[in-house]
Every structure is written in structure tokens, then in C-alpha cells.
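Worksheet for the structure shown next.
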Amino acid sequence: MATVLNTQFGIDGHLVFKMDASGLIVAEINNELGSASLCLQGAHLMSWQPKNQAVPVVWLSTDAKLAAGKSIRGGAPVCWPWFGAHATESGFPGHGFARTVPWRVIESGTEPAGETRLTLRLTPSDKTRAQWPHECTVDLTVIVGATLRMEMRTENTGTTDFEIGEALHTYFQIGDIGAVSVTGLEGSEYWDKVGGSNLRKQDAEITFTGEVDRVYINNEAECVIHDEQLKRRIHIAKSGSLSTVVWTPWVEKATKMGDMGQPDGWRQMVCVESANAIENVVKVAAGCTHTLIVEYRAVSV
Ligand code: TA6
């Protein structure tokens with residue numbers, strides 16, 4: 001399988017497909033501008049490090065394991081076609097099925113400035129139709145360089161409209177959760193999921209002194225993670241996304257999860273997720289396409 005993919009889509013020295021010990025296929029990307037790895041199951045980007053950064057920008061738990069049908073802790077999980085718990089079926093997977101089913105490579109290439117581009121596609125199967133009976137394709141394009149661009153395109157190839165919730169649920173590597181702030185969401189309303197679900201308003205920059213699990217709504221603003229310890233800013237620009245989710249599990253939830261890396265891996269990550277969730281779910285009319293785009297950039301300060 002890896003051999004066929006390398007023949008069809010490999011790019012000498014820049015894009016190589018390898019089979020992991022789990023039997024899953026991983027795309028390893030490395031060019032003059034940056035490096036990344038992506039598991040074909042779930043089109044799950046697991047890591048990204050620009051060449052001008054000494055520390056990866058996308059966090060992956062040291063406990064992260066690749067296994068068929070299982071989600072990977074860290075990276076940029078694809079949440080689709082719903083975000084969070086399914087509205088009515090408690091037995092359906094949280095954040096949808098896209099991140100735990102096989103995607104296939106449909107194209108690869110090199111961008112004019114030298115970035116490596118890879119596109120994967122999810123098409124319905126009996127398994128997915130059992131949870132979501134709509135005809136569609138979802139493409140994820142990643143463009144890896146000094147920045148990381150991700151484009152998630154949902155095409156409604158059926159004859160009836162449907163609605164999706166979605167997110168690129170990206171974990172960012174930071175020095176310490178107590179020494180970062182997130183700007184860009186000042187003045188936004190958000191659903192606070194800690195201790196229930198209450199609608200609140202963000203007045204100032206976001207800082208972290210405990211569990212934070214917030215879905216900011218009706219906001220397309222660029223967010224910035226300010227990292228005092230790593231002396232860098234991570235810029236998160238987006239389009240086609242009206243929700244931003246900010247999450248840290250903090251110690252109690254991280255301990256319960258048990259896969260955040262030891263001794264306290266949760267302190268070195270924060271999630272800032274570009275999404276369409278809750279009242280921002282997206283109606284995709286029959287024959288139409290919806291695209292969510294994010295671009296990440298790390299700037300040393
Ligand atoms: O995006 C935040 C969140 O919805 C949290 O509530 C937490 O559940 C997190 O996602 C991780 O979810 P996962 O299913 O990947 O463990």
C-alpha cells in the first residue's frame with residue numbers, strides 16, 4: 001500500500017508514505033520550509049514544525065497511539081459531520097466519525113514557494129451512512145511550509161440539503177498553559193461548557209487558571225496564542241468558520257483522560273479550534289460546496 005502511494009503521489013525527498021507498526025499509513029512531509037506528519041486514517045495531521053521554529057507548533061501527546069478506528073491524541077483531529085456529542089444518538093462517536101475512518105490520497109504536489117501539498121478524500125461507506133445517510137465527499141488539503149494551511153471542503157453530491165458541524169480541532173504546543181494568553185475573541189459570546197452550558201461574553205484576552213472549554217460563536221476573527229516561555233506568537237487565521245473552540249482540560253480531566261503524556265503533558269498544549277458548531281452549524285445545499293480554511297503561522301518574538 002505504501003509502495004503504491006509512493007509511486008503515485010510520493011515527491012522525492014519531500015513526501016514519503018510509510019506503514020506504521022499499527023498497520024496505518026502515515027505521510028511524512030519534509031521540505032526546506034517545514035516538516036509534518038499525517039495519518040491517512042482520519043486525514044489526521046499529527047505534527048508540524050516550521051524550519052524556523054526550534055519547537056513543533058502542533059502538539060502530539062507522548063501517549064498518542066495509532067490504532068485502526070481509534071482517534072489520535074493531539075495534532076489536528078478532523079471533527080465532522082458533527083462537533084461534540086451527537087445531537088440524539090449517545091452511542092455515536094464524539095466529534096463525528098471522520099477522524100476514525102480511512103481517507104484516500106487523491107493528489108499531491110509542490111507549491112511555487114516550495115511548500116508540499118497533499119489532498120485526501122473521505123467518501124461515504126456503509127458504516128458512515130449508518131450514522132449519516134447523505135451523499136457527499138469531504139476533501140482535506142494540507143499545505144506544509146513555513147506556515148500550515150488546511151482546507152476542508154464538503155461537497156453535497158446528493159439531492160437533499162444537509163447540515164454539518166465541523167472543526168479542525170488543533171492542539172498547539174506551548175511552553176506552559178499558565179504562561180500563555182489568547183487574543184482575538186474579545187467581545188465575543190461563547191458557550192461555556194465547564195459546569196453545564198452557559199452563554200457568556202469574553203471581555204479581555206483569555207488566560208488559563210483552570211479547565212477551559214468554550215465555543216465562541218459568530219466570530220471569524222484571527223486568534224493569536226501569545227507564549228511567554230517559548231517567546232513566540234502563533235497566528236490562527238481562518239475563513240468559512242464562525243466558531244472558535246478554546247480548550248484546556250486542566251489537571252483533573254487530563255488525569256482522567258490518561259493519554260495526555262506524563263508527567264503533565266496537558267500543560268504544554270492548548271486547543272484553539274476553527275469550527276462551525278452549535279448555532280453556527282452549516283447548511284450545505286444539494287450540489288453545493290462549503291469550505292473551512294485555516295492558516296497557522298508561528299512568529300518568534
Ligand atoms: O473541543 C473541546 C472538546 O469538545 C472537549 O470537551 C474535550 O472533549 C475535547 O474536545 C477532546 O475530545 P476527544 O473526543 O478528542 O477526547
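Just so we're on the same page: first chain in the C-alpha cells is A, next is B, and so on; residues restart at 1 for each chain, and ligands are numbered from 1 in the order they show up.
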With only C-alpha atoms and all ligand atoms counted and 6 Å as the cut-off, give the residues of chain A in contact with ligand 1, each with its shortest interatomic distance in Å and the pair that gives it, as a Markdown table.
```
| residue | atom | partner | partner_atom_place_in_ligand_line | distance |
| --- | --- | --- | --- | --- |
| A:Gly84 | CA | ligand 1 | 4 (O) | 5.2 |
| A:Gly94 | CA | ligand 1 | 14 (O) | 5.3 |
| A:Asp213 | CA | ligand 1 | 2 (C) | 5.8 |
| A:Val245 | CA | ligand 1 | 1 (O) | 5.9 |
| A:Trp247 | CA | ligand 1 | 2 (C) | 5.3 |
```
Spatial neighbours of Phe17 of chain A, 8 Å, only C-alpha atoms, chain gap at least 3 places, as a list in words: Ala2, Thr3, Leu5, Asn6, Gly10, Ile25, Val26, Ala27 and Glu28 of chain A
Proximity check segment 31-105 of chain A to segment 220-236 of chain A, 12 Å, nearest pairs one decimal Å, only C-alpha atoms, as CSV:
```
residue,atom,partner,partner_atom,distance
A:Pro50,CA,A:Ile234,CA,11.8
A:Asn52,CA,A:Arg232,CA,11.3
A:Gln53,CA,A:Arg232,CA,9.2
A:Ala54,CA,A:Leu230,CA,9.3
A:Val55,CA,A:Leu230,CA,8.2
A:Pro56,CA,A:Leu230,CA,10.7
A:Val57,CA,A:Ile234,CA,7.9
A:Val58,CA,A:Ile234,CA,10.2
```
Quick one: residues within 8 Å of segment 122-139 of chain A, only C-alpha atoms counted, chain neighbours fewer than 5 positions away excluded, as a list in words?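 Neighbouring residues, sequence-local ones excluded: Phe92, Phe97, Ala98, Pro102, Trp103, Arg104, Glu151, Met152, Arg153, Thr154, Glu155, Asn156, Thr157, Gly158 and Phe162 of chain A.
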Quick one, how far is atom CA of Val281 of chain A from atom CA of Trp191 of chain A?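 Going from atom CA of Val281 of chain A over to atom CA of Trp191 of chain A, I get 14.2 Å.
The space between atom CA of Cys271 of chain A and atom CA of Ala179 of chain A spans 14.6 Å.
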Applying 10 Å and only C-alpha atoms, which residues near Ile278 of chain A remain after dropping the ones on its own chain fewer than 3 positions away? List them as an mmCIF file with N, CA, C and O atoms, in the first residue's frame.
```
data_model
loop_
_atom_site.group_PDB
_atom_site.id
_atom_site.type_symbol
_atom_site.label_atom_id
_atom_site.label_comp_id
_atom_site.auth_asym_id
_atom_site.auth_seq_id
_atom_site.Cartn_x
_atom_site.Cartn_y
_atom_site.Cartn_z
ATOM 1 N N TRP A 82 -20.389 16.183 12.735
ATOM 2 C CA TRP A 82 -20.917 16.916 13.889
ATOM 3 C C TRP A 82 -19.776 17.244 14.840
ATOM 4 O O TRP A 82 -18.736 16.596 14.814
ATOM 5 N N PHE A 83 -19.985 18.261 15.678
ATOM 6 C CA PHE A 83 -18.988 18.658 16.676
ATOM 7 C C PHE A 83 -19.526 18.304 18.053
ATOM 8 O O PHE A 83 -20.683 18.563 18.349
ATOM 9 N N GLY A 84 -18.646 17.698 18.902
ATOM 10 C CA GLY A 84 -19.117 17.314 20.225
ATOM 11 C C GLY A 84 -19.980 16.069 20.149
ATOM 12 O O GLY A 84 -19.874 15.273 19.216
ATOM 13 N N GLY A 165 -21.811 20.036 11.419
ATOM 14 C CA GLY A 165 -20.962 20.685 12.416
ATOM 15 C C GLY A 165 -19.559 20.179 12.128
ATOM 16 O O GLY A 165 -19.383 19.057 11.634
ATOM 17 N N GLU A 166 -18.537 21.002 12.376
ATOM 18 C CA GLU A 166 -17.179 20.602 11.992
ATOM 19 C C GLU A 166 -16.150 21.389 12.793
ATOM 20 O O GLU A 166 -16.454 22.451 13.365
ATOM 21 N N TRP A 191 -20.323 29.746 24.448
ATOM 22 C CA TRP A 191 -20.963 28.728 25.284
ATOM 23 C C TRP A 191 -19.872 28.137 26.165
ATOM 24 O O TRP A 191 -18.919 27.540 25.665
ATOM 25 N N VAL A 215 -17.024 27.416 23.419
ATOM 26 C CA VAL A 215 -17.311 27.519 21.986
ATOM 27 C C VAL A 215 -17.711 28.961 21.707
ATOM 28 O O VAL A 215 -18.831 29.389 22.031
ATOM 29 N N TYR A 216 -16.756 29.727 21.151
ATOM 30 C CA TYR A 216 -17.044 31.115 20.787
ATOM 31 C C TYR A 216 -17.832 31.090 19.483
ATOM 32 O O TYR A 216 -17.475 30.361 18.549
ATOM 33 N N ILE A 217 -18.889 31.901 19.419
ATOM 34 C CA ILE A 217 -19.786 31.851 18.264
ATOM 35 C C ILE A 217 -19.797 33.169 17.493
ATOM 36 O O ILE A 217 -19.452 34.222 18.022
ATOM 37 N N SER A 243 -17.170 29.645 14.316
ATOM 38 C CA SER A 243 -16.965 29.293 15.730
ATOM 39 C C SER A 243 -15.473 29.065 15.981
ATOM 40 O O SER A 243 -14.753 28.583 15.092
ATOM 41 N N ALA A 275 -13.960 26.185 13.780
ATOM 42 C CA ALA A 275 -15.107 25.271 13.758
ATOM 43 C C ALA A 275 -16.358 25.952 13.206
ATOM 44 O O ALA A 275 -16.368 27.160 12.922
ATOM 45 N N VAL A 281 -23.749 25.788 12.931
ATOM 46 C CA VAL A 281 -23.694 24.645 12.006
ATOM 47 C C VAL A 281 -24.029 25.146 10.599
ATOM 48 O O VAL A 281 -24.742 26.146 10.445
ATOM 49 N N VAL A 282 -23.511 24.458 9.602
ATOM 50 C CA VAL A 282 -23.580 24.943 8.213
ATOM 51 C C VAL A 282 -24.555 24.104 7.390
ATOM 52 O O VAL A 282 -24.453 22.877 7.374
#
```
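Excluding Arg267 of chain A itself and same-chain residues fewer than 3 positions from it, the residues having an atom within 10 Å of it are Gln173, Ile174, Gly175, Asp176, Ile177, Gly178, Ala179, Thr248, Pro249, Trp250, Val251, Ala254, Met260, Gly261, Pro263, Asp264 and Val270 of chain A, counting only C-alpha atoms.
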